[in-house]
file query.csv (CSV, C-alpha atoms (C1' of nucleotides))
chain,number,residue,atom,x,y,z
A,19,MET,CA,14.9,105.0,-7.4
A,20,GLU,CA,13.1,102.0,-5.9
A,21,VAL,CA,14.3,98.5,-6.6
A,22,VAL,CA,11.9,96.6,-8.7
A,23,ARG,CA,10.7,93.2,-7.3
A,24,ARG,CA,12.0,90.6,-9.8
A,25,ARG,CA,9.1,88.7,-11.3
A,26,ILE,CA,11.1,85.9,-12.9
A,27,SER,CA,14.1,84.3,-11.2
A,28,TYR,CA,17.6,84.4,-12.7
A,29,ASN,CA,17.4,80.7,-12.9
A,30,LYS,CA,14.3,80.6,-14.9
A,31,LEU,CA,15.6,83.5,-17.1
A,32,GLY,CA,18.6,81.2,-17.8
A,33,LYS,CA,16.3,78.4,-19.0
A,34,VAL,CA,14.4,80.9,-21.2
A,35,ALA,CA,17.7,82.2,-22.5
A,36,ASP,CA,18.6,78.6,-23.5
A,37,ILE,CA,15.5,78.3,-25.6
A,38,PHE,CA,16.4,81.6,-27.3
A,39,SER,CA,19.9,80.2,-27.9
A,40,GLY,CA,18.2,77.3,-29.6
A,41,LEU,CA,16.5,79.8,-32.0
A,42,ALA,CA,19.6,81.9,-32.5
A,43,HIS,CA,20.9,80.2,-35.6
A,44,PRO,CA,19.6,80.6,-39.2
A,45,THR,CA,19.9,76.9,-39.9
A,46,ARG,CA,17.9,76.0,-36.8
A,47,LEU,CA,15.2,78.6,-37.8
A,48,GLU,CA,15.1,76.9,-41.3
A,49,ILE,CA,14.5,73.6,-39.5
A,50,LEU,CA,11.7,75.1,-37.5
A,51,GLU,CA,10.2,76.6,-40.7
A,52,ILE,CA,10.0,73.0,-42.0
A,53,MET,CA,8.6,71.6,-38.8
A,54,GLU,CA,6.2,74.3,-37.8
A,55,ASP,CA,3.3,72.4,-39.3
A,56,GLY,CA,3.6,70.0,-36.4
A,57,LYS,CA,4.1,67.0,-38.7
A,58,ILE,CA,6.8,64.3,-38.2
A,59,TYR,CA,9.9,64.5,-40.4
A,60,SER,CA,12.7,62.0,-40.8
A,61,VAL,CA,16.3,63.4,-40.8
A,62,GLY,CA,16.5,62.5,-44.5
A,63,GLU,CA,13.4,64.5,-45.3
A,64,ILE,CA,14.8,67.6,-43.4
A,65,LEU,CA,18.2,67.0,-45.1
A,66,SER,CA,16.6,67.1,-48.6
A,67,GLN,CA,15.3,70.6,-47.9
A,68,LEU,CA,18.6,72.1,-46.6
A,69,GLU,CA,22.0,72.4,-48.2
A,70,ILE,CA,23.9,71.1,-45.2
A,71,ASP,CA,26.1,68.2,-44.1
A,72,PRO,CA,24.2,65.3,-42.4
A,73,THR,CA,26.5,65.4,-39.4
A,74,LEU,CA,25.9,69.1,-38.9
A,75,LEU,CA,22.2,68.6,-39.2
A,76,THR,CA,22.3,65.9,-36.5
A,77,HIS,CA,24.3,68.2,-34.2
A,78,HIS,CA,21.6,71.0,-34.7
A,79,LEU,CA,18.8,68.5,-34.2
A,80,SER,CA,20.2,67.1,-31.1
A,81,LYS,CA,20.9,70.5,-29.6
A,82,MET,CA,17.2,71.4,-30.3
A,83,LYS,CA,16.1,68.2,-28.8
A,84,HIS,CA,18.2,68.6,-25.7
A,85,ILE,CA,16.8,72.1,-25.2
A,86,GLY,CA,13.3,70.6,-25.5
A,87,ILE,CA,12.3,72.3,-28.8
A,88,LEU,CA,12.1,69.0,-30.7
A,89,LYS,CA,11.4,65.4,-29.8
A,90,SER,CA,12.4,62.3,-31.7
A,91,ALA,CA,11.6,58.7,-32.2
A,92,LYS,CA,13.4,56.0,-34.1
A,93,GLU,CA,11.4,53.7,-36.5
A,94,GLY,CA,13.3,51.2,-38.6
A,95,ARG,CA,16.4,52.9,-39.8
A,96,ASN,CA,14.9,56.4,-39.8
A,97,VAL,CA,14.7,58.8,-37.0
A,98,TYR,CA,11.7,61.1,-36.9
A,99,TYR,CA,11.7,64.5,-35.4
A,100,GLN,CA,8.7,66.6,-34.4
A,101,LEU,CA,8.1,70.0,-32.7
A,102,ALA,CA,7.9,69.5,-28.9
A,103,MET,CA,7.1,73.2,-28.1
A,104,PRO,CA,4.2,74.2,-30.3
A,105,GLU,CA,4.2,77.7,-28.8
A,106,ILE,CA,7.3,78.3,-31.0
A,107,THR,CA,5.1,78.4,-34.1
A,108,ASP,CA,3.7,81.7,-32.7
A,109,VAL,CA,7.2,83.0,-32.6
A,110,LEU,CA,7.7,82.0,-36.2
A,111,ASP,CA,4.4,83.6,-37.3
A,112,CYS,CA,5.6,86.7,-35.6
A,113,ILE,CA,8.9,86.6,-37.6
A,114,GLN,CA,7.0,86.1,-40.8
A,115,ASN,CA,5.0,89.2,-40.2
A,116,CYS,CA,7.8,91.3,-38.9
A,117,LYS,CA,9.7,93.7,-41.1
A,118,ILE,CA,13.4,93.7,-40.7
A,119,LYS,CA,15.5,95.9,-42.9
A,120,HIS,CA,17.8,93.8,-45.2
B,6,MET,CA,9.1,64.2,-50.9
B,7,GLU,CA,8.6,67.6,-52.4
B,8,VAL,CA,10.9,70.5,-51.7
B,9,VAL,CA,9.2,73.2,-49.7
B,10,ARG,CA,9.4,76.7,-51.1
B,11,ARG,CA,11.3,78.7,-48.5
B,12,ARG,CA,9.1,81.5,-47.1
B,13,ILE,CA,11.9,83.4,-45.4
B,14,SER,CA,15.4,83.9,-46.9
B,15,TYR,CA,18.4,82.5,-45.1
B,16,ASN,CA,19.6,86.1,-44.9
B,17,LYS,CA,16.5,87.3,-43.1
B,18,LEU,CA,16.6,84.2,-40.8
B,19,GLY,CA,20.2,85.3,-40.0
B,20,LYS,CA,18.9,88.7,-38.8
B,21,VAL,CA,16.1,87.1,-36.8
B,22,ALA,CA,18.7,84.8,-35.3
B,23,ASP,CA,20.7,87.9,-34.2
B,24,ILE,CA,17.6,89.2,-32.4
B,25,PHE,CA,17.2,85.8,-30.6
B,26,SER,CA,20.9,86.0,-29.7
B,27,GLY,CA,20.2,89.3,-28.1
B,28,LEU,CA,17.6,87.6,-25.9
B,29,ALA,CA,19.8,84.5,-25.2
B,30,HIS,CA,21.4,85.6,-22.0
B,31,PRO,CA,19.8,85.8,-18.5
B,32,THR,CA,21.2,89.2,-17.7
B,33,ARG,CA,19.9,90.6,-21.0
B,34,LEU,CA,16.5,89.2,-20.1
B,35,GLU,CA,16.7,90.9,-16.7
B,36,ILE,CA,17.5,94.2,-18.5
B,37,LEU,CA,14.4,93.7,-20.7
B,38,GLU,CA,12.3,92.9,-17.6
B,39,ILE,CA,13.3,96.3,-16.3
B,40,MET,CA,12.7,98.1,-19.6
B,41,GLU,CA,9.5,96.4,-20.7
B,42,ASP,CA,7.4,99.2,-19.3
B,43,GLY,CA,8.7,101.3,-22.2
B,44,LYS,CA,10.2,103.9,-19.9
B,45,ILE,CA,13.6,105.5,-20.1
B,46,TYR,CA,16.3,104.3,-17.7
B,47,SER,CA,19.8,105.6,-17.1
B,48,VAL,CA,22.6,103.1,-17.0
B,49,GLY,CA,22.9,103.9,-13.2
B,50,GLU,CA,19.3,103.1,-12.6
B,51,ILE,CA,19.6,99.8,-14.4
B,52,LEU,CA,22.8,99.1,-12.6
B,53,SER,CA,21.2,99.6,-9.2
B,54,GLN,CA,18.8,96.8,-9.9
B,55,LEU,CA,21.3,94.2,-11.1
B,56,GLU,CA,24.3,92.8,-9.3
B,57,ILE,CA,26.7,93.2,-12.2
B,58,ASP,CA,29.9,95.2,-13.0
B,59,PRO,CA,29.2,98.5,-14.8
B,60,THR,CA,31.5,97.6,-17.7
B,61,LEU,CA,29.7,94.3,-18.3
B,62,LEU,CA,26.4,96.2,-18.2
B,63,THR,CA,27.7,98.6,-20.9
B,64,HIS,CA,28.7,95.6,-23.0
B,65,HIS,CA,25.3,94.0,-22.7
B,66,LEU,CA,23.5,97.3,-23.4
B,67,SER,CA,25.6,98.1,-26.4
B,68,LYS,CA,25.1,94.7,-27.9
B,69,MET,CA,21.3,95.1,-27.4
B,70,LYS,CA,21.5,98.6,-29.0
B,71,HIS,CA,23.6,97.3,-31.9
B,72,ILE,CA,21.0,94.6,-32.6
B,73,GLY,CA,18.2,97.2,-32.5
B,74,ILE,CA,16.5,96.0,-29.3
B,75,LEU,CA,17.3,99.2,-27.4
B,76,LYS,CA,18.1,102.8,-28.3
B,77,SER,CA,20.0,105.3,-26.2
B,78,ALA,CA,20.5,109.0,-25.8
B,79,LYS,CA,23.0,111.0,-23.7
B,80,GLU,CA,21.8,113.8,-21.5
B,81,GLY,CA,24.3,115.5,-19.2
B,82,ARG,CA,26.5,112.8,-17.8
B,83,ASN,CA,23.9,110.2,-17.9
B,84,VAL,CA,23.0,107.8,-20.8
B,85,TYR,CA,19.4,106.8,-21.1
B,86,TYR,CA,18.3,103.6,-22.6
B,87,GLN,CA,14.9,102.6,-23.9
B,88,LEU,CA,13.2,99.7,-25.6
B,89,ALA,CA,13.4,100.2,-29.4
B,90,MET,CA,11.4,97.0,-30.3
B,91,PRO,CA,8.2,97.1,-28.3
B,92,GLU,CA,7.1,93.8,-29.9
B,93,ILE,CA,9.6,92.2,-27.5
B,94,THR,CA,7.3,92.9,-24.5
B,95,ASP,CA,4.9,90.3,-26.0
B,96,VAL,CA,7.8,87.8,-25.9
B,97,LEU,CA,8.4,88.7,-22.3
B,98,ASP,CA,4.6,88.3,-21.4
B,99,CYS,CA,4.8,84.9,-23.1
B,100,ILE,CA,7.8,84.0,-20.9
B,101,GLN,CA,6.0,85.1,-17.8
B,102,ASN,CA,3.0,82.9,-18.6
B,103,CYS,CA,5.0,79.9,-19.8
B,104,LYS,CA,5.8,77.1,-17.5
B,105,ILE,CA,9.3,75.7,-17.6
B,106,LYS,CA,10.3,73.0,-15.2
B,107,HIS,CA,12.9,74.2,-12.8
C,9,DT,C1',41.0,124.2,-13.0
C,10,DA,C1',41.0,120.0,-10.3
C,11,DA,C1',38.4,116.3,-8.8
C,12,DA,C1',34.4,113.4,-8.9
C,13,DT,C1',30.7,111.1,-11.4
C,14,DA,C1',28.7,108.4,-15.1
C,15,DC,C1',29.6,105.9,-18.5
C,16,DT,C1',32.5,103.7,-22.5
C,17,DT,C1',36.4,101.7,-25.0
C,18,DG,C1',39.2,98.1,-26.5
C,19,DA,C1',42.1,94.3,-25.7
C,20,DA,C1',43.1,89.9,-23.3
C,21,DA,C1',41.6,85.8,-21.0
C,22,DA,C1',38.2,82.3,-20.3
C,23,DC,C1',34.6,80.0,-22.0
C,24,DT,C1',30.9,78.3,-25.4
C,25,DT,C1',29.3,77.1,-29.9
C,26,DG,C1',29.6,75.7,-34.7
C,27,DT,C1',31.8,73.0,-38.2
C,28,DT,C1',34.4,69.2,-40.0
C,29,DC,C1',36.3,64.8,-40.0
C,30,DA,C1',36.9,60.0,-39.4
C,31,DA,C1',34.7,56.4,-37.5
C,32,DG,C1',30.7,53.8,-35.5
C,33,DT,C1',25.9,51.6,-34.7
C,34,DA,C1',21.4,49.8,-36.1
C,35,DT,C1',18.4,48.3,-39.4
C,36,DA,C1',17.0,46.6,-43.9
C,37,DA,C1',17.9,44.8,-48.5
C,38,DA,C1',20.5,42.0,-51.6
D,24,DT,C1',26.0,37.1,-44.4
D,25,DT,C1',27.6,40.9,-46.9
D,26,DT,C1',26.5,45.5,-48.3
D,27,DA,C1',23.9,49.6,-48.3
D,28,DT,C1',21.2,53.1,-46.0
D,29,DA,C1',20.2,56.3,-42.3
D,30,DC,C1',21.7,58.4,-38.9
D,31,DT,C1',24.9,59.3,-34.6
D,32,DT,C1',29.2,59.9,-32.0
D,33,DG,C1',33.1,62.2,-30.3
D,34,DA,C1',37.3,64.5,-31.1
D,35,DA,C1',39.7,68.4,-33.1
D,36,DC,C1',39.7,72.8,-34.8
D,37,DA,C1',37.7,77.4,-35.9
D,38,DA,C1',34.8,81.0,-34.7
D,39,DG,C1',32.1,83.5,-31.6
D,40,DT,C1',30.6,85.2,-26.8
D,41,DT,C1',31.2,86.6,-22.1
D,42,DT,C1',33.9,88.5,-18.6
D,43,DT,C1',37.6,91.1,-16.7
D,44,DC,C1',41.0,94.6,-16.7
D,45,DA,C1',43.2,98.8,-17.3
D,46,DA,C1',42.6,102.8,-19.3
D,47,DG,C1',39.8,106.8,-21.4
D,48,DT,C1',36.1,110.5,-22.4
D,49,DA,C1',32.5,113.8,-21.3
D,50,DT,C1',30.2,116.4,-18.1
D,51,DT,C1',29.4,118.4,-13.7
D,52,DT,C1',30.6,120.0,-9.1
D,53,DA,C1',33.8,121.9,-5.8
call {"tool": "encode", "arguments": {"input": "query.csv", "output": "structure tokens"}}
result
Amino acid sequence: MEVVRRRISYNKLGKVADIFSGLAHPTRLEILEIMEDGKIYSVGEILSQLEIDPTLLTHHLSKMKHIGILKSAKEGRNVYYQLAMPEITDVLDCIQNCKIKH
Amino acid sequence: MEVVRRRISYNKLGKVADIFSGLAHPTRLEILEIMEDGKIYSVGEILSQLEIDPTLLTHHLSKMKHIGILKSAKEGRNVYYQLAMPEITDVLDCIQNCKIKH
DNA sequence: TAAATACTTGAAAACTTGTTCAAGTATAAA
DNA sequence: TTTATACTTGAACAAGTTTTCAAGTATTTA
């Protein structure tokens, strides 16, 4: 059997895998569900929609920011987060349409 | 700020997150790159294209099978794997087109 | 029937991630 | 200026994942 020429380097696959890791948690998907409209949300606004500890939310948000899924800006005493990878909304639409047995 | 009605249950988000976990490893993405043509591949054929230990490949394949990304069938002394979620090829196309800084 | 091939199993070790806790910083309001 | 609000930090622990190792099974070939 012939060896297939690799189209994507292992290194790039690693970066893509990191993005998938960023999506591989139900709370982070909930956060993306809130943010998928592309609007800006403060941590407090996100917090008010999730039943989760503020510290844990910060950890999830900073992970998503570090991966490049979200970006943030401080204004006064609030920190505002926003989607930084709008392509991800397509992935979310796909999830909304897809039928998973539950 | 009004509380948004959740469109997807936490439970379903958990299942979606499991699928993303299945994609969250460079070797598993390499496997999908091989399998994205929808054809059937034996473990040995996959092995010949990856520099990886057979045991580790089995572990990755069985994880992907368990999540529902792949399916398998035994024939003689070979085991053949195949994509079970063809939607995933769209995701791979998307990765191929997407520009990640490296 | 014995040996080789193709793959799997399950447990242990090594590593990574998720969660909680106790404190810390920056800004705004009293 | 003290106090409250909004959020972050980092360390400690728990939980999960990846990798390796030492067998093990099923099927075919010799």
call {"tool": "closest_residue", "arguments": {"input": "query.csv", "among": "D:DT48, D:DA29, D:DC36, D:DT24", "to": "DC29 (chain C)", "atoms": "all atoms listed in the file"}}
result
D:DC36
call {"tool": "calpha_fit_and_write", "arguments": {"input": "query.csv", "fixed": "chain A", "moving": "chain B", "output": "mmCIF file with C-alpha atoms, keeping the file's coordinate frame"}}
result
data_model
loop_
_atom_site.group_PDB
_atom_site.id
_atom_site.type_symbol
_atom_site.label_atom_id
_atom_site.label_comp_id
_atom_site.auth_asym_id
_atom_site.auth_seq_id
_atom_site.Cartn_x
_atom_site.Cartn_y
_atom_site.Cartn_z
ATOM 1 C CA MET B 6 14.953 104.966 -7.336
ATOM 2 C CA GLU B 7 13.189 101.976 -5.919
ATOM 3 C CA VAL B 8 14.368 98.445 -6.495
ATOM 4 C CA VAL B 9 11.973 96.489 -8.644
ATOM 5 C CA ARG B 10 10.834 93.159 -7.279
ATOM 6 C CA ARG B 11 12.088 90.588 -9.766
ATOM 7 C CA ARG B 12 9.148 88.721 -11.352
ATOM 8 C CA ILE B 13 11.215 85.939 -12.878
ATOM 9 C CA SER B 14 14.203 84.261 -11.145
ATOM 10 C CA TYR B 15 17.622 84.497 -12.713
ATOM 11 C CA ASN B 16 17.493 80.703 -12.876
ATOM 12 C CA LYS B 17 14.303 80.645 -14.903
ATOM 13 C CA LEU B 18 15.644 83.484 -17.150
ATOM 14 C CA GLY B 19 18.676 81.181 -17.712
ATOM 15 C CA LYS B 20 16.353 78.439 -19.043
ATOM 16 C CA VAL B 21 14.439 80.895 -21.212
ATOM 17 C CA ALA B 22 17.778 82.118 -22.498
ATOM 18 C CA ASP B 23 18.635 78.500 -23.496
ATOM 19 C CA ILE B 24 15.409 78.349 -25.524
ATOM 20 C CA PHE B 25 16.354 81.650 -27.303
ATOM 21 C CA SER B 26 19.802 80.154 -27.946
ATOM 22 C CA GLY B 27 18.102 77.290 -29.634
ATOM 23 C CA LEU B 28 16.424 79.767 -31.987
ATOM 24 C CA ALA B 29 19.615 81.889 -32.492
ATOM 25 C CA HIS B 30 20.946 80.259 -35.587
ATOM 26 C CA PRO B 31 19.626 80.590 -39.192
ATOM 27 C CA THR B 32 19.796 76.905 -39.937
ATOM 28 C CA ARG B 33 17.861 76.091 -36.754
ATOM 29 C CA LEU B 34 15.240 78.584 -37.870
ATOM 30 C CA GLU B 35 15.067 76.880 -41.270
ATOM 31 C CA ILE B 36 14.531 73.532 -39.462
ATOM 32 C CA LEU B 37 11.658 75.115 -37.476
ATOM 33 C CA GLU B 38 10.194 76.563 -40.704
ATOM 34 C CA ILE B 39 10.026 73.012 -41.976
ATOM 35 C CA MET B 40 8.604 71.578 -38.749
ATOM 36 C CA GLU B 41 6.135 74.306 -37.853
ATOM 37 C CA ASP B 42 3.289 72.404 -39.432
ATOM 38 C CA GLY B 43 3.564 70.017 -36.476
ATOM 39 C CA LYS B 44 4.213 67.028 -38.700
ATOM 40 C CA ILE B 45 6.813 64.339 -38.284
ATOM 41 C CA TYR B 46 9.923 64.486 -40.475
ATOM 42 C CA SER B 47 12.777 62.033 -40.847
ATOM 43 C CA VAL B 48 16.276 63.391 -40.719
ATOM 44 C CA GLY B 49 16.540 62.490 -44.499
ATOM 45 C CA GLU B 50 13.501 64.495 -45.338
ATOM 46 C CA ILE B 51 14.813 67.501 -43.478
ATOM 47 C CA LEU B 52 18.173 67.012 -45.042
ATOM 48 C CA SER B 53 16.740 67.063 -48.551
ATOM 49 C CA GLN B 54 15.433 70.536 -47.983
ATOM 50 C CA LEU B 55 18.596 72.108 -46.579
ATOM 51 C CA GLU B 56 22.014 72.344 -48.147
ATOM 52 C CA ILE B 57 23.912 71.163 -45.093
ATOM 53 C CA ASP B 58 26.143 68.177 -44.098
ATOM 54 C CA PRO B 59 24.206 65.355 -42.394
ATOM 55 C CA THR B 60 26.468 65.426 -39.330
ATOM 56 C CA LEU B 61 25.903 69.155 -38.813
ATOM 57 C CA LEU B 62 22.161 68.533 -39.168
ATOM 58 C CA THR B 63 22.345 65.862 -36.415
ATOM 59 C CA HIS B 64 24.185 68.346 -34.212
ATOM 60 C CA HIS B 65 21.592 71.034 -34.727
ATOM 61 C CA LEU B 66 18.705 68.584 -34.197
ATOM 62 C CA SER B 67 20.176 67.135 -31.069
ATOM 63 C CA LYS B 68 20.797 70.512 -29.563
ATOM 64 C CA MET B 69 17.143 71.465 -30.331
ATOM 65 C CA LYS B 70 15.990 68.137 -28.767
ATOM 66 C CA HIS B 71 18.205 68.653 -25.711
ATOM 67 C CA ILE B 72 16.676 72.102 -25.159
ATOM 68 C CA GLY B 73 13.156 70.649 -25.487
ATOM 69 C CA ILE B 74 12.213 72.330 -28.782
ATOM 70 C CA LEU B 75 11.969 69.029 -30.663
ATOM 71 C CA LYS B 76 11.391 65.389 -29.757
ATOM 72 C CA SER B 77 12.434 62.356 -31.752
ATOM 73 C CA ALA B 78 11.631 58.711 -32.164
ATOM 74 C CA LYS B 79 13.410 55.935 -34.111
ATOM 75 C CA GLU B 80 11.461 53.707 -36.425
ATOM 76 C CA GLY B 81 13.359 51.210 -38.568
ATOM 77 C CA ARG B 82 16.458 52.949 -39.776
ATOM 78 C CA ASN B 83 14.936 56.297 -39.823
ATOM 79 C CA VAL B 84 14.735 58.896 -36.962
ATOM 80 C CA TYR B 85 11.703 61.099 -36.900
ATOM 81 C CA TYR B 86 11.694 64.500 -35.439
ATOM 82 C CA GLN B 87 8.779 66.645 -34.366
ATOM 83 C CA LEU B 88 8.091 69.978 -32.750
ATOM 84 C CA ALA B 89 7.837 69.486 -28.952
ATOM 85 C CA MET B 90 7.029 73.195 -28.152
ATOM 86 C CA PRO B 91 4.146 74.200 -30.371
ATOM 87 C CA GLU B 92 4.165 77.695 -28.809
ATOM 88 C CA ILE B 93 7.228 78.287 -31.008
ATOM 89 C CA THR B 94 5.044 78.402 -34.170
ATOM 90 C CA ASP B 95 3.610 81.696 -32.806
ATOM 91 C CA VAL B 96 7.202 83.019 -32.672
ATOM 92 C CA LEU B 97 7.698 81.921 -36.233
ATOM 93 C CA ASP B 98 4.352 83.618 -37.390
ATOM 94 C CA CYS B 99 5.614 86.752 -35.636
ATOM 95 C CA ILE B 100 8.884 86.515 -37.610
ATOM 96 C CA GLN B 101 7.034 86.079 -40.842
ATOM 97 C CA ASN B 102 4.948 89.201 -40.224
ATOM 98 C CA CYS B 103 7.785 91.323 -38.848
ATOM 99 C CA LYS B 104 9.675 93.636 -41.050
ATOM 100 C CA ILE B 105 13.427 93.720 -40.689
ATOM 101 C CA LYS B 106 15.476 95.868 -42.978
ATOM 102 C CA HIS B 107 17.650 93.803 -45.207
#
call {"tool": "residues_around", "arguments": {"input": "query.csv", "residues": "DT28 (chain C)", "least_positions_apart": "3", "cutoff": "12 Å", "atoms": "all atoms listed in the file", "output": "number ranges by chain"}}
result
A: 70-74, 77; D: 34-37
call {"tool": "write_last_selection", "arguments": {"input": "query.csv", "atoms": "C-alpha atoms (C1' of nucleotides)", "output": "JSON list (two decimals), keeping the file's coordinate frame"}}
result
[["chain", "number", "residue", "atom", "x", "y", "z"],
["A", 70, "ILE", "CA", 23.90, 71.10, -45.20],
["A", 71, "ASP", "CA", 26.10, 68.20, -44.10],
["A", 72, "PRO", "CA", 24.20, 65.30, -42.40],
["A", 73, "THR", "CA", 26.50, 65.40, -39.40],
["A", 74, "LEU", "CA", 25.90, 69.10, -38.90],
["A", 77, "HIS", "CA", 24.30, 68.20, -34.20],
["D", 34, "DA", "C1'", 37.30, 64.50, -31.10],
["D", 35, "DA", "C1'", 39.70, 68.40, -33.10],
["D", 36, "DC", "C1'", 39.70, 72.80, -34.80],
["D", 37, "DA", "C1'", 37.70, 77.40, -35.90]]
call {"tool": "interface_residues", "arguments": {"input": "query.csv", "of": "chain C", "to": "chain B", "cutoff": "8 Å", "atoms": "all atoms listed in the file", "output": "list of chain:residue names"}}
result
C:DT13, C:DA14, C:DC15, C:DT16
call {"tool": "atom_distance", "arguments": {"input": "query.csv", "atom1": "CA of Ile93 (chain B)", "atom2": "C1' of DG26 (chain C)"}}
result
26.9 Å
call {"tool": "closest_residue", "arguments": {"input": "query.csv", "among": "B:Ile100, B:Leu75, B:Met90, B:Leu18", "to": "Ile49 (chain A)", "atoms": "all atoms listed in the file"}}
result
B:Leu18
